[in-house]
file target-v5.txt (compact mmCIF, C-alpha atoms and all ligand atoms)
# COMPACT_ATOMS: atom_id res chain seq x y z
CA MET A 758 -18.05 -4.85 -16.75
CA THR A 759 -17.33 -7.33 -14.00
CA GLY A 760 -14.24 -9.38 -13.18
CA THR A 761 -10.90 -8.25 -11.85
CA CYS A 762 -8.46 -6.27 -13.89
CA ARG A 763 -4.85 -5.39 -13.21
CA PHE A 764 -3.81 -1.80 -13.86
CA ASP A 765 -0.23 -0.96 -14.76
CA PHE A 766 1.31 2.47 -15.24
CA ALA A 767 2.99 2.73 -18.65
CA PRO A 768 6.48 4.17 -18.91
CA LEU A 769 6.74 7.71 -20.28
CA GLU A 770 10.27 8.89 -20.89
CA GLY A 771 10.80 12.33 -19.31
CA ILE A 772 7.76 12.02 -17.03
CA THR A 773 7.49 8.80 -15.01
CA ASP A 774 10.84 8.81 -13.24
CA TYR A 775 11.09 7.71 -9.60
CA THR A 776 10.04 11.11 -8.24
CA TYR A 777 6.78 10.83 -10.15
CA ARG A 778 6.20 7.12 -9.46
CA THR A 779 6.70 7.27 -5.70
CA ALA A 780 4.54 10.39 -5.30
CA HIS A 781 1.84 8.83 -7.46
CA SER A 782 1.77 5.58 -5.48
CA ARG A 783 1.59 7.57 -2.23
CA PHE A 784 -1.24 9.91 -3.23
CA PHE A 785 -3.13 7.66 -5.63
CA PRO A 786 -2.55 4.07 -4.54
CA GLY A 787 -4.06 1.26 -6.61
CA VAL A 788 -1.71 0.91 -9.56
CA ASP A 789 -0.37 -2.64 -9.64
CA ARG A 790 2.97 -2.04 -11.36
CA TYR A 791 5.02 0.88 -12.51
CA TYR A 792 7.43 0.59 -15.46
CA THR A 793 10.57 2.67 -15.74
CA PRO A 794 11.09 4.63 -18.94
CA PHE A 795 13.51 2.72 -21.15
CA ILE A 796 17.06 2.22 -20.00
CA ALA A 797 19.28 2.06 -23.09
CA VAL A 798 21.96 -0.57 -22.56
CA ASN A 799 24.70 -0.76 -25.15
CA GLU A 800 27.54 -3.22 -25.80
CA THR A 801 29.65 -1.77 -22.99
CA CYS A 802 27.05 -2.97 -20.47
CA SER A 803 26.81 0.19 -18.45
CA MET A 804 24.04 2.38 -17.08
CA LYS A 805 23.97 6.12 -16.76
CA LYS A 806 24.00 7.61 -13.23
CA ARG A 807 20.48 8.92 -13.79
CA GLU A 808 19.26 5.42 -14.71
CA GLN A 809 21.00 3.84 -11.73
CA LYS A 810 19.25 6.33 -9.49
CA ASP A 811 15.93 5.58 -11.14
CA VAL A 812 16.05 1.85 -10.32
CA ALA A 813 17.67 2.09 -6.89
CA PRO A 814 15.43 0.27 -4.36
CA GLU A 815 15.70 3.20 -1.91
CA HIS A 816 14.16 5.48 -4.55
CA ASN A 817 11.25 3.15 -5.24
CA SER A 818 9.83 2.29 -1.87
CA GLY A 819 6.18 1.30 -1.94
CA VAL A 820 6.29 0.69 -5.68
CA VAL A 821 6.21 -2.60 -7.60
CA LEU A 822 8.71 -1.78 -10.30
CA VAL A 823 9.43 -3.31 -13.68
CA PRO A 824 12.58 -1.85 -15.24
CA GLN A 825 12.43 -1.51 -19.00
CA ILE A 826 15.46 -2.25 -21.17
CA LEU A 827 16.13 -0.97 -24.67
CA THR A 828 18.62 -3.01 -26.67
CA ASN A 829 18.79 -5.37 -29.64
CA SER A 830 21.66 -7.38 -28.27
CA ALA A 831 21.18 -10.40 -25.99
CA GLY A 832 24.40 -10.08 -23.95
CA PRO A 833 23.66 -6.56 -22.69
CA PHE A 834 20.02 -7.52 -22.06
CA VAL A 835 21.05 -10.46 -19.86
CA TRP A 836 23.60 -8.25 -18.09
CA ALA A 837 20.92 -5.63 -17.39
CA ALA A 838 18.42 -8.26 -16.20
CA LYS A 839 20.94 -9.55 -13.66
CA GLU A 840 21.68 -5.99 -12.53
CA MET A 841 17.96 -5.45 -11.94
CA ALA A 842 17.52 -8.76 -10.12
CA ALA A 843 20.41 -7.77 -7.82
CA ARG A 844 18.35 -4.69 -6.91
CA GLY A 845 15.28 -6.81 -6.17
CA TRP A 846 13.44 -6.35 -9.49
CA HIS A 847 12.81 -9.86 -10.77
CA THR A 848 10.97 -9.05 -13.99
CA VAL A 849 12.48 -6.92 -16.73
CA ASN A 850 10.70 -5.59 -19.76
CA LEU A 851 12.04 -5.42 -23.32
CA ASN A 852 11.05 -2.31 -25.28
CA LEU A 853 9.93 -3.21 -28.81
CA GLY A 854 7.77 -0.13 -29.24
CA CYS A 855 9.79 3.07 -29.17
CA PRO A 856 9.12 4.84 -32.50
CA SER A 857 11.59 7.71 -32.09
CA PRO A 858 13.92 8.05 -35.11
CA THR A 859 17.13 7.94 -33.05
CA VAL A 860 16.08 4.59 -31.56
CA PHE A 861 14.33 3.18 -34.62
CA THR A 862 17.17 3.76 -37.08
CA HIS A 863 19.50 1.75 -34.83
CA GLY A 864 17.19 -1.26 -35.07
CA LYS A 865 16.05 -0.87 -31.47
CA GLY A 866 12.60 -0.36 -29.96
CA ALA A 867 10.08 -0.62 -32.80
CA GLY A 868 13.08 -0.85 -35.15
CA PHE A 869 13.79 -4.38 -33.87
CA LEU A 870 10.38 -5.49 -35.27
CA ALA A 871 11.77 -5.15 -38.80
CA ASP A 872 13.67 -8.40 -38.49
CA PRO A 873 11.72 -11.30 -36.92
CA ASP A 874 14.63 -13.71 -37.54
CA ARG A 875 16.96 -11.51 -35.57
CA LEU A 876 14.34 -11.23 -32.84
CA ASN A 877 14.18 -15.04 -32.72
CA ALA A 878 17.95 -15.24 -32.36
CA PHE A 879 17.86 -12.60 -29.63
CA PHE A 880 15.26 -14.49 -27.59
CA ASP A 881 17.06 -17.84 -28.15
CA GLU A 882 20.17 -16.37 -26.62
CA VAL A 883 18.41 -14.49 -23.84
CA PHE A 884 16.40 -17.48 -22.68
CA SER A 885 19.37 -19.82 -22.80
CA HIS A 886 21.59 -17.50 -20.72
CA LEU A 887 19.18 -15.93 -18.29
CA PRO A 888 19.41 -17.31 -14.75
CA GLY A 889 16.21 -18.86 -13.35
CA GLY A 890 13.94 -16.60 -11.36
CA ILE A 891 14.15 -13.63 -13.71
CA GLY A 892 11.05 -12.96 -15.80
CA VAL A 893 11.14 -11.32 -19.20
CA SER A 894 8.11 -9.35 -20.32
CA VAL A 895 7.86 -7.62 -23.68
CA LYS A 896 6.14 -4.38 -24.70
CA THR A 897 5.52 -4.29 -28.42
CA ARG A 898 3.85 -2.53 -31.30
CA ILE A 899 2.15 -4.54 -34.03
CA GLY A 900 4.60 -3.76 -36.82
CA ILE A 901 6.35 -0.94 -38.59
CA ARG A 902 4.27 0.10 -41.59
CA ASP A 903 1.80 -2.67 -42.32
CA THR A 904 -0.56 -4.54 -40.00
CA LYS A 905 0.26 -7.71 -41.98
CA GLU A 906 3.61 -7.75 -40.17
CA ALA A 907 1.85 -8.79 -36.95
CA ALA A 908 1.47 -12.48 -37.85
CA ALA A 909 5.23 -13.07 -38.09
CA LEU A 910 5.77 -11.25 -34.80
CA ILE A 911 3.16 -13.34 -32.99
CA ALA A 912 4.92 -16.44 -34.34
CA VAL A 913 8.14 -15.26 -32.68
CA PHE A 914 6.56 -14.36 -29.34
CA ARG A 915 4.74 -17.72 -29.17
CA ARG A 916 8.02 -19.62 -29.14
CA TYR A 917 9.39 -18.21 -25.89
CA PRO A 918 8.47 -18.25 -22.19
CA ILE A 919 7.75 -14.53 -22.12
CA SER A 920 6.14 -13.73 -18.76
CA GLU A 921 3.76 -11.17 -20.25
CA LEU A 922 3.24 -9.57 -23.65
CA ILE A 923 2.05 -5.97 -23.60
CA VAL A 924 0.64 -4.86 -26.93
CA HIS A 925 0.16 -1.29 -28.06
CA PRO A 926 -1.85 -1.93 -31.24
CA ARG A 927 -0.31 0.75 -33.43
CA LEU A 928 2.34 0.64 -36.11
CA ARG A 929 5.63 2.43 -35.66
CA GLU A 930 4.64 4.84 -38.41
CA GLU A 931 1.60 5.90 -36.41
CA PHE A 932 3.58 6.95 -33.35
CA TYR A 933 0.84 7.63 -30.74
CA LYS A 934 -1.89 8.97 -33.02
CA GLY A 935 -4.94 7.70 -34.89
CA GLU A 936 -7.23 4.81 -34.11
CA VAL A 937 -5.68 1.72 -32.53
CA HIS A 938 -5.95 -1.46 -34.63
CA ARG A 939 -8.46 -3.46 -32.63
CA GLU A 940 -8.60 -6.17 -35.29
CA VAL A 941 -4.88 -6.79 -34.88
CA TYR A 942 -5.16 -6.89 -31.10
CA ARG A 943 -7.87 -9.50 -31.65
CA MET A 944 -5.34 -11.59 -33.56
CA PHE A 945 -2.97 -11.38 -30.59
CA SER A 946 -5.77 -12.33 -28.20
CA GLU A 947 -6.65 -15.36 -30.31
CA GLU A 948 -3.21 -16.56 -31.32
CA TYR A 949 -0.89 -15.63 -28.48
CA PRO A 950 -1.29 -18.25 -25.75
CA GLY A 951 0.47 -16.47 -22.88
CA ALA A 952 -0.42 -13.55 -20.59
CA LEU A 953 -1.49 -10.59 -22.68
CA THR A 954 -1.87 -6.94 -21.64
CA TYR A 955 -3.71 -4.26 -23.60
CA ASN A 956 -2.21 -0.77 -23.88
CA GLY A 957 -3.55 2.27 -25.70
CA ASP A 958 -5.90 5.23 -25.33
CA ILE A 959 -7.64 4.29 -22.08
CA GLY A 960 -8.70 7.61 -20.59
CA ASN A 961 -11.96 6.86 -18.82
CA ALA A 962 -14.33 4.09 -17.69
CA GLY A 963 -16.06 4.03 -21.09
CA ASP A 964 -12.77 3.31 -22.87
CA LEU A 965 -11.99 0.48 -20.46
CA ASP A 966 -15.49 -1.00 -20.82
CA GLU A 967 -15.16 -0.93 -24.59
CA ILE A 968 -11.91 -2.85 -24.49
CA ARG A 969 -13.17 -5.38 -21.97
CA THR A 970 -16.38 -5.87 -23.93
CA ALA A 971 -14.51 -6.32 -27.20
CA PHE A 972 -11.98 -8.64 -25.50
CA PRO A 973 -13.80 -10.31 -22.60
CA GLY A 974 -10.68 -12.16 -21.43
CA THR A 975 -8.84 -8.89 -20.70
CA GLU A 976 -7.35 -9.12 -17.21
CA ARG A 977 -4.52 -6.63 -17.55
CA VAL A 978 -4.34 -3.15 -18.99
CA MET A 979 -1.51 -0.65 -19.08
CA ILE A 980 -2.31 3.06 -19.05
CA GLY A 981 0.02 5.96 -19.84
CA ARG A 982 -1.25 9.35 -20.97
CA GLY A 983 -4.66 8.81 -19.37
CA LEU A 984 -3.03 8.46 -15.95
CA ILE A 985 -0.72 11.43 -16.39
CA GLY A 986 -3.76 13.48 -17.38
CA ASN A 987 -5.81 12.18 -14.46
CA PRO A 988 -3.68 10.71 -11.68
CA ALA A 989 -6.81 9.33 -9.95
CA LEU A 990 -7.87 7.40 -13.06
CA VAL A 991 -7.23 3.92 -11.66
CA ARG A 992 -9.17 4.76 -8.51
CA VAL A 993 -12.06 5.99 -10.66
CA LEU A 994 -11.90 2.88 -12.86
CA LYS A 995 -12.18 0.80 -9.70
CA GLY A 996 -15.35 2.68 -8.73
CA GLY A 997 -13.69 5.23 -6.42
CA LYS A 998 -13.98 9.01 -6.26
CA LYS A 999 -12.59 11.59 -8.64
CA ALA A 1000 -9.53 13.55 -7.60
CA ASP A 1001 -10.17 16.73 -5.62
CA LYS A 1002 -8.07 19.86 -5.77
CA LYS A 1003 -6.45 19.30 -2.41
CA GLU A 1004 -5.00 15.92 -3.30
CA LEU A 1005 -3.99 17.02 -6.81
CA ARG A 1006 -2.15 19.98 -5.31
CA ALA A 1007 -0.45 17.78 -2.70
CA PHE A 1008 0.57 15.31 -5.41
CA HIS A 1009 1.88 18.05 -7.69
CA ASP A 1010 3.86 19.63 -4.85
CA ALA A 1011 5.37 16.27 -3.87
CA VAL A 1012 6.58 15.64 -7.44
CA PHE A 1013 7.88 19.20 -7.78
CA GLU A 1014 9.79 19.21 -4.49
CA ALA A 1015 11.27 15.76 -5.14
CA ARG A 1016 12.38 16.86 -8.61
CA LEU A 1017 13.95 20.05 -7.35
CA LEU A 1018 16.08 17.91 -5.10
CA ALA A 1019 16.79 15.17 -7.64
CA LEU A 1020 17.42 17.30 -10.70
CA ASP A 1021 19.53 20.02 -9.15
CA GLY A 1022 17.37 23.06 -9.48
CA PHE A 1023 14.53 24.68 -11.33
CA GLY A 1024 15.94 24.68 -14.87
CA ASN A 1025 15.82 20.89 -15.28
CA THR A 1026 12.68 20.50 -13.20
CA ALA A 1027 10.61 23.09 -15.07
CA GLY A 1028 10.55 21.30 -18.43
CA LYS A 1029 9.37 18.07 -16.85
CA MET A 1030 6.67 19.76 -14.78
CA LYS A 1031 5.44 21.67 -17.81
CA GLU A 1032 5.16 18.40 -19.71
CA ILE A 1033 2.99 16.97 -16.93
CA TRP A 1034 0.80 20.07 -17.15
CA SER A 1035 0.34 19.53 -20.88
CA TYR A 1036 -1.68 16.44 -19.88
CA MET A 1037 -3.04 17.36 -16.43
CA GLY A 1038 -4.28 20.81 -17.48
CA SER A 1039 -7.36 19.24 -19.02
CA LEU A 1040 -8.67 18.34 -15.56
CA PHE A 1041 -9.57 22.02 -15.11
CA ILE A 1042 -12.30 24.17 -16.65
CA SER A 1043 -10.97 27.01 -18.88
CA PRO A 1044 -7.38 26.81 -17.64
CA GLU A 1045 -5.74 28.34 -20.77
CA LYS A 1046 -4.58 31.62 -19.21
CA GLN A 1047 -3.17 29.93 -16.10
CA LEU A 1048 -1.50 27.15 -18.09
CA LYS A 1049 0.15 29.77 -20.28
CA ARG A 1050 1.61 31.39 -17.18
CA ILE A 1051 2.89 27.99 -16.05
CA ARG A 1052 4.49 27.40 -19.45
CA LYS A 1053 6.13 30.83 -19.41
CA ALA A 1054 7.46 30.63 -15.84
CA GLN A 1055 11.22 31.19 -15.78
CA THR A 1056 11.84 31.01 -12.05
CA GLU A 1057 10.76 28.82 -9.19
CA LEU A 1058 8.85 31.75 -7.72
CA THR A 1059 6.85 32.52 -10.87
CA TYR A 1060 6.18 28.80 -11.44
CA ARG A 1061 4.83 28.35 -7.92
CA ALA A 1062 2.69 31.48 -8.28
CA ALA A 1063 1.26 30.29 -11.61
CA VAL A 1064 0.38 26.87 -10.15
CA SER A 1065 -1.29 28.53 -7.15
CA GLU A 1066 -3.29 30.72 -9.49
CA LEU A 1067 -4.47 27.69 -11.47
CA PHE A 1068 -5.60 25.85 -8.36
CA GLY A 1069 -7.08 29.04 -6.88
CA SER A 1070 -9.08 30.26 -9.84
CA CYS A 1071 -10.02 27.25 -12.00
CA GLN A 1072 -12.62 24.66 -11.07
CA LEU A 1073 -12.15 20.97 -11.78
CA ARG A 1074 -14.31 19.48 -14.49
C1 LIG A 1101 6.20 11.23 -24.06
C2 LIG A 1101 6.11 9.73 -24.13
C3 LIG A 1101 7.17 8.95 -23.68
C4 LIG A 1101 7.11 7.55 -23.75
N1 LIG A 1101 8.16 6.79 -23.28
C5 LIG A 1101 8.07 5.42 -23.33
C6 LIG A 1101 9.12 4.58 -22.82
O1 LIG A 1101 10.15 5.05 -22.31
N2 LIG A 1101 8.94 3.24 -22.92
C7 LIG A 1101 7.81 2.68 -23.47
O2 LIG A 1101 7.69 1.46 -23.53
N3 LIG A 1101 6.82 3.45 -23.94
C8 LIG A 1101 6.92 4.79 -23.86
N4 LIG A 1101 5.88 5.55 -24.32
C9 LIG A 1101 4.63 4.88 -24.77
C10 LIG A 1101 3.66 4.69 -23.60
O3 LIG A 1101 4.20 3.86 -22.61
C11 LIG A 1101 2.34 4.05 -24.08
O4 LIG A 1101 2.63 2.81 -24.67
C12 LIG A 1101 1.63 4.92 -25.11
O5 LIG A 1101 1.54 6.27 -24.68
C13 LIG A 1101 0.22 4.37 -25.39
O6 LIG A 1101 -0.51 4.22 -24.20
P1 LIG A 1101 -1.52 5.36 -23.64
O7 LIG A 1101 -2.47 5.66 -24.76
O8 LIG A 1101 -2.18 4.75 -22.44
O9 LIG A 1101 -0.68 6.56 -23.32
C14 LIG A 1101 5.95 6.94 -24.28
C15 LIG A 1101 4.88 7.73 -24.74
C16 LIG A 1101 4.95 9.10 -24.69
C17 LIG A 1101 3.79 9.93 -25.20

call {"tool": "encode", "arguments": {"input": "target-v5.txt", "output": "structure tokens", "more": "lines below"}}
Ligand SMILES: Cc1cc2nc3c(=O)[nH]c(=O)nc-3n(C[C@H](O)[C@H](O)[C@H](O)COP(=O)(O)O)c2cc1C
result
Amino acid sequence: MTGTCRFDFAPLEGITDYTYRTAHSRFFPGVDRYYTPFIAVNETCSMKKREQKDVAPEHNSGVVLVPQILTNSAGPFVWAAKEMAARGWHTVNLNLGCPSPTVFTHGKGAGFLADPDRLNAFFDEVFSHLPGGIGVSVKTRIGIRDTKEAAALIAVFRRYPISELIVHPRLREEFYKGEVHREVYRMFSEEYPGALTYNGDIGNAGDLDEIRTAFPGTERVMIGRGLIGNPALVRVLKGGKKADKKELRAFHDAVFEARLLALDGFGNTAGKMKEIWSYMGSLFISPEKQLKRIRKAQTELTYRAAVSELFGSCQLR
């Protein structure tokens, strides 16, 4: 497949914080944009300390960052967008995809898709109050429980100067599993006139080729789990070499050390590292025993030893 393609790193709550993003961009350059996991902004227009840290320019050097906002209220969204612009981030992303029950039942994330009229009113207000120079991109699912919902959503998105529409072609009810609805993405590609980005299940060059063959106009893709599982994926998709053990180890160690510092100790760090391993473990041949040791590690010492054992005794696929 020829032609240029932009590669963005999808946000994954609990994984792609600034420690991960900056290490990734250092060891595996080539990703065009990184998105923050969602920042929930409520009516009081405030951000948690952790979220402030995550978008601080000094924590994101070398990274093109798009902060993602989760809200269903225009005032707090505009407030957050201005906060981000003040930090040098001139595009903000609205999360219309989060399927988690705590978000969904409050009418946020994918929950906001239940009410296209309310979504219209939200965008009316946002675009009439947002200062010039701030772009609004949107990351959306295709509906909640029926693919027929997509048409009304496209009609909403078409009305506004959204800088980019990122579509994960699954329903809320499907969470992250099952086949994506290509036929619904096709509807978006035919009926949405603005910049469109495909997101979902790209894990290798074959997956990317399939999408770009099915949708020849595809110029932008966003990748999440595929990149966590294989941090060199974008390099490979661009025709470069696979990751070797030395660089994977260096990348892992950089994330781990930065997290130990940022998260105040091993307890908080361990869970996040173990989540990364639940994806990255598949890069190795027969890693089950070593991954189990990593999962069971209770101290920094035993964690480090388990990681060394994995790198020492398992070959890469
Ligand atoms: C653990 C986890 C956390 C996620 N957190 C976010 C998030 O904060 N914001 C968001 O827009 N999407 C989030 N997503 C969805 C991903 O960004 C992405 O849309 C989804 O995984 C599909 O793309 P992929 O198949 O390339 O991973 C999350 C997904 C997972 C599995």

call {"tool": "residues_near_ligand", "arguments": {"input": "target-v5.txt", "ligand": "ligand LIG 1101 (chain A)", "cutoff": "9 Å", "atoms": "only C-alpha atoms and all ligand atoms", "output": "JSON, numbers by chain"}}
result
{"A": [766, 767, 768, 769, 770, 771, 772, 773, 792, 793, 794, 795, 796, 825, 826, 827, 850, 851, 852, 853, 854, 855, 856, 866, 896, 897, 898, 923, 924, 925, 926, 927, 932, 933, 934, 956, 957, 958, 959, 960, 978, 979, 980, 981, 982, 983, 984, 985, 1032]}

call {"tool": "residues_around", "arguments": {"input": "target-v5.txt", "residues": "range 1049-1058 of chain A", "least_positions_apart": "6", "cutoff": "7 Å", "atoms": "only C-alpha atoms", "output": "list in words"}}
result
Phe1023, Lys1031 and Val1064 of chain A

call {"tool": "closest_residue", "arguments": {"input": "target-v5.txt", "among": "A:Gly963, A:Ala908, A:Lys839, A:Pro918", "to": "Phe945 in chain A", "atoms": "only C-alpha atoms"}}
result
A:Ala908

call {"tool": "residues_around", "arguments": {"input": "target-v5.txt", "residues": "Gly819 in chain A", "least_positions_apart": "2", "cutoff": "10 Å", "atoms": "all atoms listed in the file", "output": "PDB file with C-alpha atoms, in the coordinates of the input"}}
result
ATOM      1  CA  ARG A 778       6.200   7.120  -9.460  1.00  0.00           C
ATOM      2  CA  THR A 779       6.700   7.270  -5.700  1.00  0.00           C
ATOM      3  CA  ALA A 780       4.540  10.390  -5.300  1.00  0.00           C
ATOM      4  CA  SER A 782       1.770   5.580  -5.480  1.00  0.00           C
ATOM      5  CA  ARG A 783       1.590   7.570  -2.230  1.00  0.00           C
ATOM      6  CA  PRO A 786      -2.550   4.070  -4.540  1.00  0.00           C
ATOM      7  CA  PRO A 814      15.430   0.270  -4.360  1.00  0.00           C
ATOM      8  CA  GLU A 815      15.700   3.200  -1.910  1.00  0.00           C
ATOM      9  CA  HIS A 816      14.160   5.480  -4.550  1.00  0.00           C
ATOM     10  CA  ASN A 817      11.250   3.150  -5.240  1.00  0.00           C
ATOM     11  CA  VAL A 821       6.210  -2.600  -7.600  1.00  0.00           C
ATOM     12  CA  LEU A 822       8.710  -1.780 -10.300  1.00  0.00           C
TER      13      LEU A 822
END

call {"tool": "atom_distance", "arguments": {"input": "target-v5.txt", "atom1": "CA of Gly1028 in chain A", "atom2": "CA of Thr859 in chain A"}}
result
20.9 Å

call {"tool": "closest_residue", "arguments": {"input": "target-v5.txt", "among": "A:Val893, A:Trp846, A:Gln1047, A:Cys762", "to": "Val788 in chain A", "atoms": "all atoms listed in the file"}}
result
A:Cys762

call {"tool": "atom_distance", "arguments": {"input": "target-v5.txt", "atom1": "CA of Glu930 in chain A", "atom2": "CA of Asp903 in chain A"}}
result
8.9 Å

call {"tool": "atom_distance", "arguments": {"input": "target-v5.txt", "atom1": "CA of Met804 in chain A", "atom2": "CA of His1009 in chain A"}}
result
28.7 Å

call {"tool": "closest_residue", "arguments": {"input": "target-v5.txt", "among": "A:Thr954, A:Thr862, A:Ser1039, A:Thr1059", "to": "Cys1071 in chain A", "atoms": "all atoms listed in the file"}}
result
A:Ser1039

call {"tool": "residues_around", "arguments": {"input": "target-v5.txt", "residues": "range 868-883 of chain A", "least_positions_apart": "5", "cutoff": "12 Å", "atoms": "all atoms listed in the file", "output": "PyMOL selection string"}}
result
chain A and resi 827-839+849+851-863+888-889+891-904+906-919+928-930

call {"tool": "residues_around", "arguments": {"input": "target-v5.txt", "residues": "Gly986 in chain A", "least_positions_apart": "6", "cutoff": "9 Å", "atoms": "only C-alpha atoms", "output": "list in words"}}
result
Gly960, Ile1033, Trp1034, Ser1035, Tyr1036, Met1037, Gly1038, Ser1039 and Leu1040 of chain A

call {"tool": "closest_residue", "arguments": {"input": "target-v5.txt", "among": "A:Ala971, A:Cys802, A:Leu965, A:Val991", "to": "Ser946 in chain A", "atoms": "all atoms listed in the file"}}
result
A:Ala971

call {"tool": "residues_near_point", "arguments": {"input": "target-v5.txt", "point": "(-9.0, 24.6, -6.0)", "cutoff": "6 Å", "atoms": "all atoms listed in the file", "output": "JSON, numbers by chain"}}
result
{"A": [1002, 1068, 1069]}

call {"tool": "closest_residue", "arguments": {"input": "target-v5.txt", "among": "A:Phe785, A:Tyr791, A:Phe972, A:Tyr955", "to": "Lys998 in chain A", "atoms": "all atoms listed in the file"}}
result
A:Phe785

call {"tool": "residues_near_point", "arguments": {"input": "target-v5.txt", "point": "(-14.8, -7.6, -13.6)", "cutoff": "12 Å", "atoms": "all atoms listed in the file", "output": "PyMOL selection string"}}
result
chain A and resi 758-763+965-966+969-970+973-977+994-996

call {"tool": "closest_residue", "arguments": {"input": "target-v5.txt", "among": "A:Asp774, A:Glu921, A:Glu940, A:Glu948", "to": "Lys810 in chain A", "atoms": "all atoms listed in the file"}}
result
A:Asp774
